[in-house]
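Peer 1: To be precise about what I am sending: the file is called start_37.txt and holds compact mmCIF, C-alpha atoms and all ligand atoms.
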# COMPACT_ATOMS: atom_id res chain seq x y z
CA MET A 26 11.42 -29.89 8.21
CA THR A 27 10.62 -27.75 11.25
CA SER A 28 7.07 -26.47 11.53
CA PRO A 29 6.48 -22.85 10.50
CA ALA A 30 6.55 -20.14 13.17
CA THR A 31 3.11 -18.88 14.12
CA ILE A 32 3.02 -15.09 13.85
CA LEU A 33 -0.05 -13.37 15.26
CA LEU A 34 -0.68 -10.00 13.59
CA VAL A 35 -2.89 -7.76 15.73
CA PHE A 36 -4.53 -4.64 14.30
CA GLY A 37 -7.82 -2.82 14.39
CA THR A 38 -7.92 0.55 12.63
CA ARG A 39 -7.76 1.70 9.01
CA PRO A 40 -4.13 2.91 9.05
CA GLU A 41 -2.86 -0.23 10.77
CA ALA A 42 -4.62 -2.41 8.20
CA ILE A 43 -3.16 -0.38 5.31
CA LYS A 44 0.32 -0.61 6.77
CA LEU A 45 0.15 -4.29 7.71
CA PHE A 46 -1.49 -5.85 4.65
CA PRO A 47 1.87 -5.90 2.83
CA VAL A 48 3.40 -7.71 5.83
CA VAL A 49 0.56 -10.25 5.92
CA ALA A 50 1.09 -10.91 2.20
CA ALA A 51 4.87 -11.29 2.58
CA LEU A 52 4.48 -13.68 5.53
CA LYS A 53 1.89 -15.76 3.65
CA ALA A 54 4.31 -16.13 0.75
CA ASP A 55 7.08 -17.48 3.01
CA PRO A 56 6.86 -21.13 4.10
CA ARG A 57 8.83 -20.40 7.26
CA PHE A 58 5.77 -18.63 8.70
CA ARG A 59 2.14 -19.27 9.54
CA PRO A 60 0.53 -15.82 9.84
CA VAL A 61 -2.65 -15.59 11.93
CA VAL A 62 -4.64 -12.35 11.69
CA CYS A 63 -6.54 -11.00 14.68
CA VAL A 64 -8.48 -7.78 14.15
CA SER A 65 -9.82 -5.95 17.17
CA ALA A 66 -12.17 -3.99 14.88
CA GLN A 67 -11.45 -0.87 16.92
CA HIS A 68 -12.71 0.57 13.62
CA ARG A 69 -15.45 -1.29 11.79
CA GLU A 70 -16.45 0.06 8.36
CA MET A 71 -13.08 1.74 7.78
CA LEU A 72 -11.22 -1.44 8.71
CA ASP A 73 -13.50 -3.59 6.57
CA GLN A 74 -12.84 -1.35 3.54
CA VAL A 75 -9.12 -2.21 3.78
CA LEU A 76 -9.64 -5.90 4.50
CA ALA A 77 -11.84 -6.13 1.40
CA ILE A 78 -9.38 -4.54 -1.03
CA ALA A 79 -6.43 -6.44 0.46
CA GLY A 80 -8.32 -9.74 0.39
CA ILE A 81 -7.71 -10.47 4.07
CA VAL A 82 -10.19 -12.63 5.96
CA PRO A 83 -9.28 -12.35 9.65
CA ASP A 84 -8.87 -15.54 11.66
CA HIS A 85 -10.16 -13.70 14.76
CA ASP A 86 -12.40 -10.63 14.92
CA LEU A 87 -13.12 -9.08 18.34
CA ASP A 88 -15.64 -6.60 16.90
CA VAL A 89 -15.04 -4.16 19.79
CA MET A 90 -16.07 -0.86 18.19
CA LYS A 91 -18.68 1.18 20.05
CA PRO A 92 -19.93 4.61 18.97
CA ASP A 93 -17.84 7.42 20.48
CA GLN A 94 -15.77 4.94 22.51
CA THR A 95 -13.66 6.21 25.41
CA LEU A 96 -9.96 5.45 25.59
CA ASP A 97 -10.16 3.62 28.92
CA ALA A 98 -13.15 1.40 28.07
CA LEU A 99 -11.65 0.64 24.66
CA THR A 100 -8.24 -0.23 26.11
CA ALA A 101 -9.69 -2.49 28.82
CA THR A 102 -11.83 -4.39 26.30
CA LEU A 103 -8.88 -4.76 23.94
CA LEU A 104 -6.52 -6.05 26.60
CA THR A 105 -8.80 -8.84 27.79
CA GLY A 106 -10.02 -9.74 24.29
CA LEU A 107 -6.56 -9.87 22.74
CA GLY A 108 -5.24 -11.86 25.71
CA ARG A 109 -7.92 -14.50 25.14
CA VAL A 110 -6.96 -14.81 21.46
CA MET A 111 -3.27 -15.16 22.38
CA ASP A 112 -4.11 -17.95 24.86
CA GLU A 113 -5.98 -19.76 22.10
CA VAL A 114 -3.49 -19.22 19.25
CA ARG A 115 -0.31 -19.47 21.37
CA PRO A 116 1.78 -17.65 18.76
CA ASP A 117 5.57 -17.74 18.63
CA ARG A 118 5.63 -14.00 18.04
CA VAL A 119 3.15 -11.10 17.88
CA ILE A 120 3.33 -8.20 15.44
CA VAL A 121 1.77 -4.80 16.14
CA GLN A 122 1.95 -1.62 14.06
CA GLY A 123 2.14 2.01 15.02
CA ASP A 124 0.54 3.73 17.97
CA THR A 125 -3.14 2.90 18.35
CA ALA A 126 -4.95 1.57 21.42
CA THR A 127 -5.08 -1.82 19.67
CA ALA A 128 -1.32 -1.84 19.08
CA MET A 129 -0.53 -0.84 22.66
CA ALA A 130 -2.97 -3.36 24.20
CA GLY A 131 -1.75 -6.07 21.81
CA ALA A 132 1.85 -5.50 22.84
CA LEU A 133 0.93 -5.51 26.52
CA ALA A 134 -1.14 -8.70 26.26
CA ALA A 135 1.81 -10.38 24.50
CA TYR A 136 4.23 -9.15 27.14
CA TYR A 137 1.99 -10.52 29.91
CA ARG A 138 2.43 -13.92 28.27
CA LYS A 139 6.16 -13.42 27.63
CA ILE A 140 5.56 -13.69 23.89
CA PRO A 141 8.06 -11.57 21.91
CA VAL A 142 6.34 -8.66 20.23
CA ASP A 143 7.72 -7.01 17.11
CA HIS A 144 6.90 -3.39 16.36
CA VAL A 145 6.30 -2.16 12.82
CA GLU A 146 6.73 1.62 12.44
CA ALA A 147 8.76 1.96 15.63
CA GLY A 148 10.48 5.03 16.99
CA LEU A 149 8.34 7.92 15.76
CA ARG A 150 8.47 10.66 18.38
CA SER A 151 7.11 14.20 18.48
CA GLY A 152 8.62 14.86 21.90
CA SER A 153 5.23 16.00 23.26
CA ILE A 154 3.06 13.54 25.18
CA TYR A 155 -0.11 15.37 24.09
CA HIS A 156 0.72 15.59 20.35
CA PRO A 157 -0.44 13.23 19.03
CA TRP A 158 -2.63 12.19 21.95
CA PRO A 159 -2.62 9.43 23.13
CA GLU A 160 -0.44 8.00 20.35
CA GLU A 161 2.93 9.40 21.46
CA ILE A 162 2.67 7.46 24.70
CA ASN A 163 1.17 4.35 23.09
CA ARG A 164 4.18 4.16 20.79
CA LYS A 165 6.63 4.68 23.63
CA ILE A 166 4.95 1.98 25.74
CA ILE A 167 5.28 -0.50 22.87
CA GLY A 168 8.92 0.52 22.42
CA THR A 169 9.74 -0.42 26.02
CA MET A 170 8.74 -4.06 25.48
CA ALA A 171 9.29 -4.76 21.78
CA SER A 172 11.69 -7.50 20.73
CA LEU A 173 12.41 -6.23 17.19
CA HIS A 174 11.90 -2.56 16.34
CA PHE A 175 11.22 -1.93 12.65
CA ALA A 176 11.95 1.77 12.29
CA PRO A 177 10.83 3.38 9.02
CA THR A 178 13.67 5.91 8.85
CA LYS A 179 17.08 6.66 10.33
CA THR A 180 15.45 9.43 12.37
CA SER A 181 13.04 7.00 14.03
CA ALA A 182 15.83 4.47 14.60
CA GLY A 183 17.90 7.24 16.21
CA ALA A 184 15.02 8.14 18.54
CA LEU A 185 14.98 4.56 19.81
CA THR A 186 18.71 4.28 20.41
CA ALA A 187 18.58 7.68 22.16
CA GLU A 188 16.13 5.98 24.56
CA ASN A 189 18.70 3.23 25.18
CA VAL A 190 17.05 0.56 23.04
CA ASP A 191 19.73 -1.96 22.02
CA PRO A 192 20.84 -0.83 18.51
CA ALA A 193 21.15 -4.49 17.48
CA ARG A 194 17.35 -4.81 17.87
CA VAL A 195 16.55 -1.71 15.77
CA HIS A 196 16.33 -2.04 11.98
CA VAL A 197 15.60 0.66 9.41
CA THR A 198 13.13 -0.94 7.00
CA GLY A 199 11.22 1.95 5.38
CA ASN A 200 7.55 2.43 6.04
CA THR A 201 5.19 -0.27 4.81
CA VAL A 202 2.73 2.48 3.79
CA ILE A 203 4.89 3.01 0.70
CA ASP A 204 4.59 -0.72 -0.11
CA ALA A 205 0.81 -0.33 0.25
CA LEU A 206 0.72 2.77 -1.93
CA HIS A 207 2.77 1.09 -4.69
CA TRP A 208 0.49 -1.94 -4.54
CA VAL A 209 -2.74 0.04 -4.74
CA THR A 210 -1.35 2.26 -7.54
CA ALA A 211 -0.53 -0.84 -9.58
CA ARG A 212 -3.99 -2.32 -8.85
CA ILE A 213 -5.69 0.87 -10.06
CA ALA A 214 -3.52 0.95 -13.20
CA ALA A 215 -4.58 -2.62 -14.00
CA GLU A 216 -8.24 -2.04 -13.07
CA PRO A 217 -9.23 1.67 -13.26
CA ALA A 218 -12.81 0.89 -12.21
CA LEU A 219 -11.45 0.33 -8.68
CA ALA A 220 -11.03 4.10 -8.30
CA ALA A 221 -13.68 5.37 -10.72
CA GLY A 222 -16.25 6.26 -8.07
CA LEU A 223 -14.98 9.83 -7.73
CA ALA A 224 -15.89 10.61 -11.37
CA PRO A 225 -19.17 12.44 -10.56
CA LEU A 226 -17.34 14.71 -8.11
CA GLU A 227 -14.52 15.26 -10.59
CA GLN A 228 -17.15 16.35 -13.16
CA ARG A 229 -18.93 18.60 -10.66
CA PHE A 230 -15.65 20.33 -9.81
CA ALA A 231 -14.18 20.36 -13.36
CA GLY A 232 -11.96 23.42 -13.87
CA LYS A 233 -11.54 23.99 -10.14
CA ARG A 234 -8.40 23.37 -8.17
CA ILE A 235 -8.91 20.47 -5.79
CA VAL A 236 -7.83 20.51 -2.16
CA GLY A 237 -8.14 17.16 -0.37
CA VAL A 238 -8.91 17.28 3.34
CA THR A 239 -8.86 14.79 6.22
CA SER A 240 -9.14 15.49 9.92
CA HIS A 241 -9.72 13.26 12.91
CA ARG A 242 -7.19 13.88 15.67
CA ARG A 243 -8.47 13.58 19.22
CA GLU A 244 -6.29 16.46 20.41
CA ASN A 245 -8.10 18.72 17.91
CA PHE A 246 -11.62 17.88 19.20
CA GLY A 247 -13.53 21.01 20.16
CA GLY A 248 -11.81 24.31 19.33
CA GLY A 249 -9.23 22.82 16.96
CA LEU A 250 -11.86 21.18 14.73
CA GLU A 251 -14.01 24.32 14.78
CA ALA A 252 -11.04 26.39 13.63
CA ILE A 253 -10.29 23.86 10.87
CA ALA A 254 -13.92 24.04 9.72
CA ASP A 255 -13.74 27.84 9.72
CA ALA A 256 -10.59 27.75 7.59
CA ILE A 257 -12.23 25.38 5.10
CA ARG A 258 -15.32 27.62 4.88
CA ARG A 259 -13.11 30.62 4.11
CA ILE A 260 -11.03 28.79 1.48
CA ALA A 261 -14.24 27.50 -0.14
CA ALA A 262 -15.32 31.10 -0.70
CA ARG A 263 -12.81 31.19 -3.57
CA PRO A 264 -14.63 30.33 -6.80
CA ASP A 265 -11.54 28.62 -8.27
CA VAL A 266 -11.21 26.05 -5.47
CA ALA A 267 -13.12 22.92 -4.43
CA LEU A 268 -12.49 20.87 -1.32
CA ILE A 269 -13.09 17.12 -1.17
CA PHE A 270 -13.31 15.96 2.42
CA PRO A 271 -13.94 12.30 3.30
CA VAL A 272 -15.18 12.73 6.84
CA HIS A 273 -14.02 10.38 9.60
CA PRO A 274 -17.07 8.69 11.18
CA ASN A 275 -16.15 9.78 14.70
CA PRO A 276 -19.27 11.65 15.90
CA ASN A 277 -17.08 14.41 17.36
CA VAL A 278 -15.70 15.11 13.89
CA ARG A 279 -19.00 14.73 12.02
CA ALA A 280 -20.95 17.08 14.31
CA VAL A 281 -18.52 19.96 13.71
CA MET A 282 -17.92 19.42 10.00
CA ASN A 283 -21.54 18.76 9.03
CA GLY A 284 -22.69 21.75 11.07
CA ALA A 285 -20.19 24.15 9.50
CA LEU A 286 -19.72 22.88 5.94
CA ALA A 287 -22.64 20.78 4.72
CA ARG A 288 -24.32 23.46 2.63
CA LEU A 289 -21.28 24.93 0.84
CA ASP A 290 -21.20 24.51 -2.95
CA ASN A 291 -17.44 24.15 -3.16
CA VAL A 292 -17.12 21.58 -0.37
CA ALA A 293 -17.92 17.89 -0.79
CA LEU A 294 -18.28 16.18 2.57
CA ILE A 295 -18.24 12.49 1.68
CA GLU A 296 -18.02 9.11 3.40
CA PRO A 297 -14.55 7.66 4.07
CA LEU A 298 -13.07 6.49 0.79
CA ASP A 299 -11.70 3.02 0.33
CA TYR A 300 -7.96 2.93 -0.29
CA PRO A 301 -8.04 2.96 -4.14
CA HIS A 302 -10.39 5.95 -4.12
CA PHE A 303 -8.28 7.77 -1.56
CA ALA A 304 -5.23 7.15 -3.75
CA ARG A 305 -7.23 8.70 -6.60
CA LEU A 306 -8.01 11.73 -4.42
CA LEU A 307 -4.29 12.08 -3.68
CA SER A 308 -3.59 12.07 -7.40
CA ILE A 309 -6.22 14.72 -8.36
CA ALA A 310 -5.63 17.05 -5.40
CA GLU A 311 -3.28 19.99 -5.84
CA ILE A 312 -2.83 20.26 -2.09
CA MET A 313 -3.60 17.98 0.86
CA LEU A 314 -4.77 19.58 4.11
CA THR A 315 -4.66 17.00 6.87
CA ASP A 316 -3.95 16.04 10.45
CA SER A 317 -3.47 12.38 9.53
CA GLY A 318 -0.24 10.49 10.07
CA GLY A 319 -0.41 8.26 7.00
CA VAL A 320 -1.33 11.07 4.63
CA GLN A 321 1.83 12.91 5.72
CA GLU A 322 3.76 9.92 4.39
CA GLU A 323 1.80 9.29 1.21
CA ALA A 324 1.42 12.86 -0.10
CA PRO A 325 5.19 13.58 -0.26
CA ALA A 326 5.72 10.28 -2.09
CA LEU A 327 3.32 11.55 -4.77
CA GLY A 328 4.71 15.09 -4.91
CA ARG A 329 1.60 16.61 -3.31
CA PRO A 330 2.29 19.50 -0.95
CA VAL A 331 0.81 18.62 2.42
CA LEU A 332 -0.23 21.16 5.02
CA VAL A 333 -0.31 19.45 8.39
CA MET A 334 -2.88 20.77 10.86
CA ARG A 335 -0.85 19.95 13.93
CA GLU A 336 1.44 21.91 16.25
CA THR A 337 4.18 19.30 16.04
CA THR A 338 4.75 16.04 14.21
CA GLU A 339 6.37 12.69 14.89
CA ARG A 340 7.05 12.56 11.13
CA PRO A 341 9.56 15.40 10.67
CA GLU A 342 11.04 13.86 7.51
CA GLY A 343 8.42 15.37 5.17
CA VAL A 344 8.89 18.81 6.74
CA ALA A 345 12.68 18.50 6.45
CA ALA A 346 12.31 17.53 2.79
CA GLY A 347 10.17 20.61 2.16
CA THR A 348 7.07 18.70 0.97
CA ALA A 349 5.14 19.07 4.25
CA ARG A 350 4.53 22.14 6.39
CA LEU A 351 3.15 22.34 9.92
CA VAL A 352 0.34 24.89 9.95
CA GLY A 353 -1.28 24.17 13.34
CA THR A 354 -5.00 24.66 13.86
CA ASP A 355 -5.28 28.43 13.73
CA ALA A 356 -7.81 29.34 11.02
CA ASP A 357 -5.98 32.48 9.86
CA ARG A 358 -2.72 30.58 9.51
CA ILE A 359 -4.33 27.74 7.56
CA VAL A 360 -6.05 30.16 5.17
CA THR A 361 -2.82 32.12 4.66
CA GLU A 362 -0.74 29.00 3.97
CA ILE A 363 -3.25 27.55 1.49
CA SER A 364 -3.65 30.90 -0.26
CA THR A 365 0.12 31.17 -0.65
CA LEU A 366 0.29 27.75 -2.29
CA LEU A 367 -2.67 28.56 -4.56
CA ASP A 368 -1.47 32.02 -5.61
CA ASP A 369 2.33 31.77 -5.67
CA SER A 370 3.48 29.20 -8.19
CA SER A 371 7.09 29.31 -7.03
CA ALA A 372 5.99 28.57 -3.44
CA TYR A 373 3.91 25.69 -4.83
CA GLU A 374 6.70 24.29 -7.00
CA ALA A 375 9.12 24.42 -4.09
CA MET A 376 6.88 22.00 -2.17
CA ALA A 377 5.56 19.89 -5.05
CA ARG A 378 8.58 17.69 -5.53
CA ALA A 379 8.12 13.96 -5.29
CA HIS A 380 10.18 13.03 -2.33
CA ASN A 381 10.12 9.84 -0.47
CA PRO A 382 11.87 9.87 2.86
CA PHE A 383 9.59 7.11 4.14
CA GLY A 384 10.63 4.08 2.14
CA ASP A 385 11.17 2.39 -1.21
CA GLY A 386 8.25 -0.04 -1.23
CA ARG A 387 10.28 -2.99 0.04
CA ALA A 388 9.73 -2.58 3.78
CA ALA A 389 7.55 -5.67 4.22
CA ARG A 390 10.14 -7.88 2.52
CA ARG A 391 12.86 -6.55 4.81
CA ILE A 392 10.69 -7.12 7.88
CA VAL A 393 10.03 -10.73 6.89
CA GLU A 394 13.73 -11.35 6.23
CA LEU A 395 14.59 -9.97 9.66
CA LEU A 396 11.90 -12.13 11.25
CA GLY A 397 13.34 -15.14 9.41
CA ARG A 398 16.77 -14.48 10.90
CA GLU A 399 15.22 -14.08 14.31
CA ILE A 400 13.36 -17.39 14.29
CA THR A 401 16.38 -19.32 13.03
CA SER A 402 18.66 -17.80 15.68
CA ALA A 403 16.12 -18.47 18.49
C1 LIG B 1 -7.97 5.83 16.04
C2 LIG B 1 -6.60 5.83 16.71
C3 LIG B 1 -5.70 6.87 16.07
C4 LIG B 1 -5.66 6.73 14.56
C5 LIG B 1 -7.08 6.72 14.01
C6 LIG B 1 -7.06 6.48 12.52
C7 LIG B 1 -6.46 5.32 19.11
C8 LIG B 1 -6.55 5.85 20.49
N1 LIG B 1 -6.74 6.17 18.12
O1 LIG B 1 -8.58 7.09 16.32
O2 LIG B 1 -4.40 6.71 16.58
O3 LIG B 1 -4.96 7.83 14.04
O4 LIG B 1 -7.82 5.67 14.65
O5 LIG B 1 -8.29 6.79 11.93
O6 LIG B 1 -6.17 4.18 18.93
N2 LIG B 1 -15.94 5.06 13.98
C9 LIG B 1 -16.94 4.48 13.22
N3 LIG B 1 -16.58 3.60 12.23
C10 LIG B 1 -15.29 3.29 11.96
C11 LIG B 1 -14.29 3.89 12.73
C12 LIG B 1 -14.63 4.77 13.74
O7 LIG B 1 -18.11 4.74 13.41
O8 LIG B 1 -15.04 2.47 11.06
C13 LIG B 1 -16.33 6.02 15.05
C14 LIG B 1 -16.92 5.34 16.28
O9 LIG B 1 -17.91 6.18 16.82
C15 LIG B 1 -15.72 5.26 17.22
C16 LIG B 1 -15.05 6.58 16.90
O10 LIG B 1 -15.17 6.73 15.49
O11 LIG B 1 -16.09 5.15 18.58
C17 LIG B 1 -13.63 6.68 17.33
O12 LIG B 1 -12.85 5.57 16.92
P1 LIG B 1 -11.46 5.27 17.69
O13 LIG B 1 -10.81 4.10 17.04
O14 LIG B 1 -11.68 5.18 19.15
O15 LIG B 1 -10.63 6.57 17.49
P2 LIG B 1 -10.14 7.30 16.21
O16 LIG B 1 -10.37 8.74 16.48
O17 LIG B 1 -10.69 6.66 15.01
N1 LIG B 2 -7.40 6.89 3.91
C1 LIG B 2 -8.35 6.18 3.19
N2 LIG B 2 -9.58 6.75 3.00
C2 LIG B 2 -9.91 7.97 3.49
C3 LIG B 2 -8.94 8.67 4.25
C4 LIG B 2 -7.69 8.10 4.45
O1 LIG B 2 -8.09 5.08 2.71
O2 LIG B 2 -11.05 8.42 3.27
C5 LIG B 2 -6.10 6.26 4.15
C6 LIG B 2 -4.90 7.09 3.79
O3 LIG B 2 -4.49 6.84 2.47
C7 LIG B 2 -3.85 6.64 4.81
C8 LIG B 2 -4.67 6.20 5.99
O4 LIG B 2 -6.01 6.04 5.54
O5 LIG B 2 -3.12 5.52 4.34
C9 LIG B 2 -4.61 7.20 7.10
O6 LIG B 2 -5.53 6.85 8.08
P1 LIG B 2 -6.05 7.87 9.17
O7 LIG B 2 -5.90 9.26 8.68
O8 LIG B 2 -7.39 7.38 9.58
O9 LIG B 2 -5.08 7.58 10.40
P2 LIG B 2 -3.62 8.09 10.80
O10 LIG B 2 -2.70 7.83 9.67
O11 LIG B 2 -3.75 9.53 11.15
O12 LIG B 2 -3.30 7.27 12.01
Please express the file's structure as structure tokens.
Peer 2:
Amino acid sequence: MTSPATILLVFGTRPEAIKLFPVVAALKADPRFRPVVCVSAQHREMLDQVLAIAGIVPDHDLDVMKPDQTLDALTATLLTGLGRVMDEVRPDRVIVQGDTATAMAGALAAYYRKIPVDHVEAGLRSGSIYHPWPEEINRKIIGTMASLHFAPTKTSAGALTAENVDPARVHVTGNTVIDALHWVTARIAAEPALAAGLAPLEQRFAGKRIVGVTSHRRENFGGGLEAIADAIRRIAARPDVALIFPVHPNPNVRAVMNGALARLDNVALIEPLDYPHFARLLSIAEIMLTDSGGVQEEAPALGRPVLVMRETTERPEGVAAGTARLVGTDADRIVTEISTLLDDSSAYEAMARAHNPFGDGRAARRIVELLGREITSA
């Protein structure tokens, strides 16, 4: 029997960990592969929350996170650190996910060693290099050197072939976030205590309509975040509404949100939730207000209208399906859009249809099958 192919999975932030744990599990279950996990720890606590629930103990941990890290210092540290791990592990292939600094540096370090790099969640494009910033360019850089491109949807596959990527290397797999969401939903059903920590907040806000909020985008730092905070303050003035807002630990986000919202009765600013508790928030919220990428994929799958605080999105599928709406970062616009959903039940019902353009929960299996074909044809 030939020895299993060594696959180095490189990730470092919360969303990458959520979207790659199903791939790690599928590779572990397949004797053709020896998965090796390297975390950059570009995030620390938020990454560790996902590793804990997914039961992943990394083989390598670069522990690079610094408070308020700059993009250039972060990228330089990642590139040299990930290169060292690749020289030690000497993988047959490297897997990266998405569009973070870790994913881009991981792909580049693999390319410098002529190791094929496979890209999970390939081909998302907004068409604007500053939205999301710097992720649009990170994703495009990875796309120029990837060996296999695992596109979540036909739209993302089409974006790659429009950029002259060989169609034979592009595969529509669905997004692994739906695999993760199915998994965590089943875990909570089997063990409700995993998501019971929100109970005190649910009691405090009993009878109110819950809006879930997340916000962290770099391109919104400064004026954008201040406008978002202003919108939340105005929505919280309604006695029938409560907002639950797990605040990203980035100091740029915390300073604005704590300053503007900490003393409002109808707003709960809380620490980042682990994945089961965030899934619980998605299930109790009437509306999600977010600038997150992953939440744009999860909320439509659960039939939660999602208002996206961005000017443009690389995930147009939710907007096309009618479950997501781009509302930008203008406070008046955000307040108007939320008020419409709260006060006009037909507008709400039109958006609140479970729709899942992002996958069927079998993306990781498809990815591993495609990798299996690749290693046998090599
Ligand atoms: C990063 C990704 C972004 C992704 C987001 C998901 C890049 C350039 N950005 O943005 O694409 O959407 O993660 O959340 O790759 N921090 C902590 N603890 C944590 C995590 C972050 O304290 O567990 C703080 C630190 O001060 C850190 C700062 O947040 O310096 C920013 O983290 P960083 O990974 O650079 O950027 P994000 O804004 O999180
Ligand atoms: N999430 C979480 N806890 C939170 C907020 C978000 O587990 O308090 C999850 C969410 O379900 C989604 C992912 O984190 O799967 C999104 O991560 P984030 O918004 O940090 O990054 P993005 O998707 O914008 O890159």
Peer 1: Fewer than 4 positions away in the same chain doesn't count, so skip those; otherwise give me all residues within 9 Å of Leu45 of chain A, counting only C-alpha atoms, as a list in words.
Peer 2: Leu34, Phe36, Pro40, Glu41, Val49, Ala50, Val121, Gln122, Val145, Thr201, Val202, Ala205 and Ala389 of chain A
Peer 1: Considering all atoms listed in the file, return as an NGL selection string whatever protein or nucleic-acid residues lie within 10 Å of Glu188 of chain A, sequence-local ones (same chain, fewer than 2 positions apart) excluded.
Peer 2: :A and (148 or 165 or 168-169 or 183-186 or 190-191)
Peer 1: Report, in Å with one decimal, the straight-line distance from atom CA of Ile154 of chain A to atom CA of Arg243 of chain A.
Peer 2: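 Separation between atom CA of Ile154 of chain A and atom CA of Arg243 of chain A: 13.0 Å.
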Peer 1: Which polymer residues have any atom within 9 Å of an atom of Trp208 of chain A, counting only C-alpha atoms, with same-chain residues fewer than 5 positions away left out, as a PyMOL selection string?
Peer 2: chain A and resi 47+203+213+386
Peer 1: From the list A:Ala261, A:Val320, A:Ile269, A:Ile120, which residue is nearest ligand LIG 1 (chain B) when using all atoms listed in the file?
Peer 2: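 Result for the nearest residue to ligand LIG 1 (chain B): A:Val320.
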Peer 1: Given only C-alpha atoms as the basis, pick out the residue of A:Leu351, A:Ala135, A:Val75, A:Ala346 nearest to Ala375 of chain A.
Peer 2: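 Among the listed residues, the smallest separation from Ala375 of chain A belongs to A:Ala346.
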Peer 1: Could you list, as a compact mmCIF listing (two decimals) with C-alpha atoms, in the coordinates of the input, every residue within 7 Å of Gly353 of chain A, counting all atoms listed in the file and ignoring same-chain residues fewer than 6 positions away?
Peer 2:
# COMPACT_ATOMS: atom_id res chain seq x y z
CA VAL A 333 -0.31 19.45 8.39
CA MET A 334 -2.88 20.77 10.86
CA ARG A 335 -0.85 19.95 13.93
CA GLU A 336 1.44 21.91 16.25
Peer 1: What lies within 9 Å of Pro341 of chain A using all atoms listed in the file, ignoring chain neighbours under 6 positions off, as a list in words?
Peer 2: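 In the requested format, the answer is Ser151, Thr180 and Ala349 of chain A.
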Peer 1: Could you turn the residues from that selection into a file that holds C-alpha atoms, as an mmCIF file, keeping the file's coordinate frame?
Peer 2:
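Once everything was written out, this is again34.cif:
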data_model
loop_
_atom_site.group_PDB
_atom_site.id
_atom_site.type_symbol
_atom_site.label_atom_id
_atom_site.label_comp_id
_atom_site.auth_asym_id
_atom_site.auth_seq_id
_atom_site.Cartn_x
_atom_site.Cartn_y
_atom_site.Cartn_z
ATOM 1 C CA SER A 151 7.110 14.200 18.480
ATOM 2 C CA THR A 180 15.450 9.430 12.370
ATOM 3 C CA ALA A 349 5.140 19.070 4.250
#
Peer 1: Which residue gives the smallest distance to ligand LIG 1 (chain B) among A:His380, A:His156, A:Arg391, A:Arg258, with only C-alpha atoms and all ligand atoms counted?
Peer 2: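 Closest to ligand LIG 1 (chain B), using only C-alpha atoms and all ligand atoms: A:His156.
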Peer 1: Check every protein, DNA and RNA residue against ligand LIG 2 (chain B), keep those with an atom at most 10 Å away (counting all atoms listed in the file), and present them as a PyMOL selection string.
Peer 2: chain A and resi 38-44+68+71-72+74-75+123-125+157+160+202-203+205-206+237-242+269-274+295-307+315-324
Peer 1: Kindly indicate which residue among A:Asp368, A:Glu244, A:Asp290, A:Asp93 lies nearest to Glu161 of chain A, using all atoms listed in the file for the distances.
Peer 2: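 Checking each of A:Asp368, A:Glu244, A:Asp290, A:Asp93 against Glu161 of chain A, counting all atoms listed in the file, the winner is A:Glu244.
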Peer 1: Box for ligand LIG 1 (chain B): with edges along x, y and z, all listed atoms inside and 4 Å added on each side, what are the centre and edge lengths in Å to one decimal, as JSON?
Peer 2:
{"center_x": -11.3, "center_y": 5.6, "center_z": 15.8, "size_x": 21.7, "size_y": 14.3, "size_z": 17.4}
Peer 1: Could you complete segment 269-277 of chain A so that it carries N, CA and C atoms, and give it back as an mmCIF file, keeping the file's coordinate frame?
Peer 2:
data_model
loop_
_atom_site.group_PDB
_atom_site.id
_atom_site.type_symbol
_atom_site.label_atom_id
_atom_site.label_comp_id
_atom_site.auth_asym_id
_atom_site.auth_seq_id
_atom_site.Cartn_x
_atom_site.Cartn_y
_atom_site.Cartn_z
ATOM 1 N N ILE A 269 -12.485 18.452 -1.311
ATOM 2 C CA ILE A 269 -13.090 17.120 -1.170
ATOM 3 C C ILE A 269 -12.631 16.554 0.168
ATOM 4 N N PHE A 270 -13.598 16.255 1.018
ATOM 5 C CA PHE A 270 -13.310 15.960 2.420
ATOM 6 C C PHE A 270 -14.031 14.667 2.826
ATOM 7 N N PRO A 271 -13.338 13.514 2.759
ATOM 8 C CA PRO A 271 -13.940 12.300 3.300
ATOM 9 C C PRO A 271 -13.916 12.400 4.827
ATOM 10 N N VAL A 272 -15.102 12.392 5.419
ATOM 11 C CA VAL A 272 -15.180 12.730 6.840
ATOM 12 C C VAL A 272 -15.093 11.468 7.707
ATOM 13 N N HIS A 273 -14.174 11.487 8.642
ATOM 14 C CA HIS A 273 -14.020 10.380 9.600
ATOM 15 C C HIS A 273 -15.347 10.179 10.338
ATOM 16 N N PRO A 274 -15.747 8.919 10.565
ATOM 17 C CA PRO A 274 -17.070 8.690 11.180
ATOM 18 C C PRO A 274 -17.157 9.037 12.661
ATOM 19 N N ASN A 275 -16.060 9.408 13.285
ATOM 20 C CA ASN A 275 -16.150 9.780 14.700
ATOM 21 C C ASN A 275 -17.199 10.876 14.875
ATOM 22 N N PRO A 276 -18.193 10.650 15.762
ATOM 23 C CA PRO A 276 -19.270 11.650 15.900
ATOM 24 C C PRO A 276 -18.760 13.031 16.289
ATOM 25 N N ASN A 277 -17.640 13.104 16.986
ATOM 26 C CA ASN A 277 -17.080 14.410 17.360
ATOM 27 C C ASN A 277 -16.618 15.191 16.132
#
